[in-house]
Amino acid sequence: MLTRQRKQLLLDRLAKHGQIIAKDVSAEFALSEDTIRRDLRELAGEGLLQRVHGGALPASPTVANLAQRRGMASHEKLRLGRKAASLISRGQRVFIDGGTTHLELVRNVAPDLAITVITHSPTIAAALEMHRAADVILVGGLLFRHSMVAVGAVALEAIQRLSPDLAFVGLTGLHPREGGTTGDFEEAAVKRGDHWTVSGGRFVADP
(Lines give C-alpha, C1' and ligand atoms only; values in the text may rest on other atoms or scores of the structure.)
Protein backbone atom coordinates (compact mmCIF):
# COMPACT_ATOMS: atom_id res chain seq x y z
CA MET A 1 0.00 0.00 0.00
CA LEU A 2 1.37 3.41 -0.97
CA THR A 3 2.00 6.04 1.70
CA ARG A 4 -0.65 8.33 0.22
CA GLN A 5 -3.19 5.50 0.29
CA ARG A 6 -2.37 4.62 3.90
CA LYS A 7 -2.76 8.21 5.01
CA GLN A 8 -6.09 8.60 3.25
CA LEU A 9 -7.24 5.35 4.83
CA LEU A 10 -6.30 6.67 8.26
CA LEU A 11 -8.11 9.96 7.66
CA ASP A 12 -11.23 8.12 6.44
CA ARG A 13 -11.17 5.92 9.52
CA LEU A 14 -10.78 8.94 11.78
CA ALA A 15 -13.73 10.68 10.13
CA LYS A 16 -15.90 7.57 10.51
CA HIS A 17 -14.96 6.47 14.05
CA GLY A 18 -13.70 9.66 15.68
CA GLN A 19 -10.43 8.05 16.75
CA ILE A 20 -7.57 5.87 15.56
CA ILE A 21 -6.02 3.14 17.71
CA ALA A 22 -2.66 2.36 16.12
CA LYS A 23 -2.54 -1.23 17.42
CA ASP A 24 -5.96 -2.08 15.97
CA VAL A 25 -5.22 -0.51 12.59
CA SER A 26 -1.88 -2.30 12.45
CA ALA A 27 -3.52 -5.69 13.01
CA GLU A 28 -6.45 -5.04 10.68
CA PHE A 29 -4.34 -3.99 7.69
CA ALA A 30 -1.25 -6.14 8.39
CA LEU A 31 1.00 -3.10 8.77
CA SER A 32 3.63 -2.47 11.40
CA GLU A 33 2.74 -0.16 14.28
CA ASP A 34 5.87 1.86 13.50
CA THR A 35 4.52 2.54 10.01
CA ILE A 36 1.15 3.63 11.39
CA ARG A 37 2.77 5.85 14.01
CA ARG A 38 4.99 7.48 11.39
CA ASP A 39 1.98 8.21 9.18
CA LEU A 40 0.11 9.65 12.15
CA ARG A 41 3.06 11.89 13.07
CA GLU A 42 3.24 13.22 9.53
CA LEU A 43 -0.52 13.81 9.37
CA ALA A 44 -0.37 15.59 12.72
CA GLY A 45 2.46 17.76 11.35
CA GLU A 46 0.13 18.79 8.52
CA GLY A 47 -2.55 19.73 11.07
CA LEU A 48 -4.92 16.99 9.85
CA LEU A 49 -5.22 15.16 13.18
CA GLN A 50 -4.04 15.25 16.77
CA ARG A 51 -1.57 12.63 17.98
CA VAL A 52 -2.34 11.02 21.34
CA HIS A 53 -0.79 8.08 23.16
CA GLY A 54 -1.60 4.94 21.19
CA GLY A 55 -3.25 6.62 18.24
CA ALA A 56 -4.93 9.83 17.11
CA LEU A 57 -7.99 12.06 17.52
CA PRO A 58 -9.52 14.69 15.22
CA ALA A 59 -7.48 17.87 15.01
CA SER A 60 -8.54 20.71 17.24
CA PRO A 61 -9.74 23.75 15.25
CA THR A 62 -7.11 25.80 17.10
CA VAL A 63 -4.27 24.11 15.20
CA ALA A 64 -5.60 25.28 11.83
CA ASN A 65 -3.90 28.24 10.21
CA LEU A 66 -5.40 31.71 10.35
CA ALA A 67 -6.96 31.53 6.88
CA GLN A 68 -8.73 28.26 7.75
CA ARG A 69 -9.93 29.57 11.12
CA ARG A 70 -11.59 32.58 9.48
CA GLY A 71 -14.26 30.27 8.04
CA MET A 72 -14.97 28.40 11.29
CA ALA A 73 -17.99 29.21 13.49
CA SER A 74 -18.58 32.44 11.57
CA HIS A 75 -22.03 33.02 13.07
CA GLU A 76 -20.72 32.73 16.62
CA LYS A 77 -17.79 35.04 15.83
CA LEU A 78 -20.14 37.64 14.38
CA ARG A 79 -22.31 37.48 17.52
CA LEU A 80 -19.30 37.76 19.83
CA GLY A 81 -17.83 40.56 17.75
CA ARG A 82 -21.02 42.61 17.97
CA LYS A 83 -21.28 42.08 21.72
CA ALA A 84 -17.64 42.97 22.30
CA ALA A 85 -17.88 46.11 20.19
CA SER A 86 -20.91 47.24 22.22
CA LEU A 87 -18.72 47.33 25.35
CA ILE A 88 -16.40 49.99 23.91
CA SER A 89 -17.09 53.65 24.68
CA ARG A 90 -15.82 56.85 23.11
CA GLY A 91 -12.48 58.02 24.48
CA GLN A 92 -11.39 54.63 25.83
CA ARG A 93 -8.00 52.98 25.41
CA VAL A 94 -8.70 49.42 24.25
CA PHE A 95 -6.31 46.49 23.84
CA ILE A 96 -7.39 44.08 21.08
CA ASP A 97 -5.63 40.73 20.76
CA GLY A 98 -5.13 38.99 17.43
CA GLY A 99 -7.49 36.34 16.07
CA THR A 100 -10.46 35.89 13.81
CA THR A 101 -13.10 36.72 16.44
CA HIS A 102 -11.34 40.02 17.16
CA LEU A 103 -11.48 40.85 13.47
CA GLU A 104 -15.27 40.67 13.80
CA LEU A 105 -15.01 42.96 16.82
CA VAL A 106 -13.16 45.57 14.75
CA ARG A 107 -15.66 45.28 11.90
CA ASN A 108 -18.44 46.13 14.35
CA VAL A 109 -16.77 49.21 15.83
CA ALA A 110 -18.30 52.41 14.44
CA PRO A 111 -15.82 54.02 12.01
CA ASP A 112 -16.31 57.43 13.65
CA LEU A 113 -15.77 56.21 17.23
CA ALA A 114 -12.89 58.16 18.78
CA ILE A 115 -10.84 55.58 20.71
CA THR A 116 -7.24 54.46 21.07
CA VAL A 117 -6.63 50.86 20.03
CA ILE A 118 -3.56 49.02 21.30
CA THR A 119 -2.76 45.78 19.49
CA HIS A 120 0.14 43.44 18.82
CA SER A 121 -1.60 42.15 15.69
CA PRO A 122 -0.75 43.71 12.31
CA THR A 123 -3.94 42.10 10.98
CA ILE A 124 -6.07 43.98 13.53
CA ALA A 125 -4.16 47.21 12.86
CA ALA A 126 -4.78 46.87 9.10
CA ALA A 127 -8.50 46.22 9.70
CA LEU A 128 -8.68 49.62 11.39
CA GLU A 129 -7.44 51.44 8.28
CA MET A 130 -10.75 53.18 7.60
CA HIS A 131 -11.45 54.01 11.26
CA ARG A 132 -10.10 57.53 10.92
CA ALA A 133 -11.23 58.58 14.40
CA ALA A 134 -9.26 55.77 16.06
CA ASP A 135 -5.64 56.12 17.07
CA VAL A 136 -3.80 52.81 16.65
CA ILE A 137 -0.75 51.81 18.70
CA LEU A 138 0.88 48.77 17.07
CA VAL A 139 3.12 46.80 19.42
CA GLY A 140 6.10 45.13 17.77
CA GLY A 141 8.11 42.00 18.50
CA LEU A 142 8.71 38.52 17.11
CA LEU A 143 5.92 37.59 14.67
CA PHE A 144 4.03 34.42 15.65
CA ARG A 145 2.53 33.54 12.26
CA HIS A 146 -0.09 31.07 13.51
CA SER A 147 -2.01 33.96 15.10
CA MET A 148 -0.27 36.84 13.29
CA VAL A 149 0.68 38.58 16.53
CA ALA A 150 3.91 39.94 17.98
CA VAL A 151 5.27 37.96 20.92
CA GLY A 152 8.49 37.74 22.90
CA ALA A 153 10.33 40.04 25.29
CA VAL A 154 9.96 43.20 23.17
CA ALA A 155 6.18 42.82 22.82
CA LEU A 156 5.72 41.86 26.47
CA GLU A 157 7.71 44.84 27.75
CA ALA A 158 5.73 47.26 25.58
CA ILE A 159 2.38 45.81 26.65
CA GLN A 160 3.34 45.93 30.34
CA ARG A 161 3.80 49.71 30.04
CA LEU A 162 0.25 50.25 28.77
CA SER A 163 -2.91 50.80 30.82
CA PRO A 164 -6.00 50.18 28.68
CA ASP A 165 -9.52 50.75 29.94
CA LEU A 166 -10.62 47.51 28.33
CA ALA A 167 -8.70 44.46 27.08
CA PHE A 168 -10.05 41.79 24.70
CA VAL A 169 -7.84 38.69 24.85
CA GLY A 170 -8.39 35.43 22.96
CA LEU A 171 -7.89 32.02 24.57
CA THR A 172 -7.75 28.48 23.26
CA GLY A 173 -9.74 27.15 26.22
CA LEU A 174 -10.88 27.66 29.80
CA HIS A 175 -10.20 25.22 32.64
CA PRO A 176 -12.11 25.38 35.96
CA ARG A 177 -8.87 25.25 37.99
CA GLU A 178 -6.08 26.28 35.63
CA GLY A 179 -7.92 29.18 34.01
CA GLY A 180 -7.22 30.30 30.45
CA THR A 181 -5.07 28.19 28.14
CA THR A 182 -3.40 28.53 24.76
CA GLY A 183 -1.00 26.37 22.79
CA ASP A 184 2.12 28.52 22.43
CA PHE A 185 4.43 29.46 25.30
CA GLU A 186 5.40 32.90 23.97
CA GLU A 187 1.83 33.84 23.07
CA ALA A 188 0.65 32.65 26.47
CA ALA A 189 3.10 35.05 28.15
CA VAL A 190 1.39 37.97 26.40
CA LYS A 191 -2.10 36.75 27.27
CA ARG A 192 -1.43 36.17 30.98
CA GLY A 193 -3.68 38.40 33.04
CA ASP A 194 -1.30 38.96 35.95
CA HIS A 195 0.77 41.60 34.14
CA TRP A 196 -2.19 43.63 32.90
CA THR A 197 -3.02 46.97 34.43
CA VAL A 198 -6.55 47.70 33.27
CA SER A 199 -7.33 51.22 34.42
CA GLY A 200 -10.79 51.21 35.91
CA GLY A 201 -12.11 48.91 33.23
CA ARG A 202 -12.56 45.26 32.30
CA PHE A 203 -10.47 42.35 31.07
CA VAL A 204 -12.56 40.32 28.61
CA ALA A 205 -11.42 36.86 27.54
CA ASP A 206 -12.74 35.23 24.37
CA PRO A 207 -12.34 31.42 24.40
# chains A, B, ... in the order shown; residues from 1 in each chain; ligands from 1

call {"tool": "residues_around", "arguments": {"residues": "Arg90 of chain A", "least_positions_apart": "3", "cutoff": "8 Å", "atoms": "only C-alpha atoms", "output": "PDB file with N, CA and C atoms, in the first residue's frame"}}
result
ATOM      1  N   LEU A 113     -15.938  56.279  15.784  1.00  0.00           N
ATOM      2  CA  LEU A 113     -15.766  56.215  17.231  1.00  0.00           C
ATOM      3  C   LEU A 113     -14.330  56.597  17.597  1.00  0.00           C
ATOM      4  N   ALA A 114     -14.214  57.650  18.382  1.00  0.00           N
ATOM      5  CA  ALA A 114     -12.890  58.159  18.780  1.00  0.00           C
ATOM      6  C   ALA A 114     -12.364  57.344  19.960  1.00  0.00           C
ATOM      7  N   ILE A 115     -11.451  56.420  19.680  1.00  0.00           N
ATOM      8  CA  ILE A 115     -10.840  55.578  20.706  1.00  0.00           C
ATOM      9  C   ILE A 115      -9.364  55.408  20.378  1.00  0.00           C
TER      10      ILE A 115
END

call {"tool": "closest_atom_pairs", "arguments": {"of": "segment 97-149 of chain A", "to": "segment 173-194 of chain A", "cutoff": "10 Å", "atoms": "only C-alpha atoms", "output": "JSON lines"}}
result
{"residue": "A:Asp97", "atom": "CA", "partner": "A:Lys191", "partner_atom": "CA", "distance": 8.4}
{"residue": "A:His120", "atom": "CA", "partner": "A:Val190", "partner_atom": "CA", "distance": 9.4}
{"residue": "A:Leu142", "atom": "CA", "partner": "A:Glu186", "partner_atom": "CA", "distance": 9.5}
{"residue": "A:Phe144", "atom": "CA", "partner": "A:Glu187", "partner_atom": "CA", "distance": 7.8}
{"residue": "A:His146", "atom": "CA", "partner": "A:Asp184", "partner_atom": "CA", "distance": 9.5}
{"residue": "A:Ser147", "atom": "CA", "partner": "A:Glu187", "partner_atom": "CA", "distance": 8.8}
{"residue": "A:Val149", "atom": "CA", "partner": "A:Glu187", "partner_atom": "CA", "distance": 8.2}

call {"tool": "select_by_dssp", "arguments": {"residues": "chain A", "states": "strand (DSSP E or B)", "output": "PyMOL selection string"}}
result
chain A and resi 20-21+49-52+55-58+93-96+116-119+135-138+142-144+149-151+166-170+173-175+179-181+202-206

call {"tool": "closest_residue", "arguments": {"among": "A:Lys7, A:Thr119, A:Ser32, A:Lys23", "to": "Glu46 of chain A", "atoms": "only C-alpha atoms"}}
result
A:Lys7

call {"tool": "select_by_dssp", "arguments": {"residues": "segment 8-165 of chain A", "states": "alpha helix (DSSP H)", "output": "number ranges by chain"}}
result
A: 8-17, 22-29, 33-45, 66-69, 74-86, 100-107, 122-127, 153-160

call {"tool": "closest_residue", "arguments": {"among": "A:Lys77, A:Arg132, A:Arg4, A:Arg13", "to": "Glu42 of chain A", "atoms": "only C-alpha atoms"}}
result
A:Arg4

call {"tool": "residues_around", "arguments": {"residues": "Val25 of chain A", "least_positions_apart": "4", "cutoff": "12 Å", "atoms": "only C-alpha atoms", "output": "PyMOL selection string"}}
result
chain A and resi 6-7+9-11+13-14+19-21+29-37+39-40+54-56

call {"tool": "atom_distance", "arguments": {"atom1": "atom CA of Val52 of chain A", "atom2": "atom CA of Ala15 of chain A"}}
result
16.0 Å

call {"tool": "atom_distance", "arguments": {"atom1": "atom CA of Leu48 of chain A", "atom2": "atom CA of Leu103 of chain A"}}
result
25.0 Å

call {"tool": "closest_residue", "arguments": {"among": "A:Asp24, A:Asp165, A:Asp12, A:Glu129", "to": "Arg93 of chain A", "atoms": "only C-alpha atoms"}}
result
A:Asp165

call {"tool": "atom_distance", "arguments": {"atom1": "atom CA of Asn108 of chain A", "atom2": "atom CA of Glu76 of chain A"}}
result
13.8 Å

call {"tool": "closest_residue", "arguments": {"among": "A:Gln5, A:Gln50, A:Thr100, A:Thr116", "to": "Ala167 of chain A", "atoms": "only C-alpha atoms"}}
result
A:Thr116
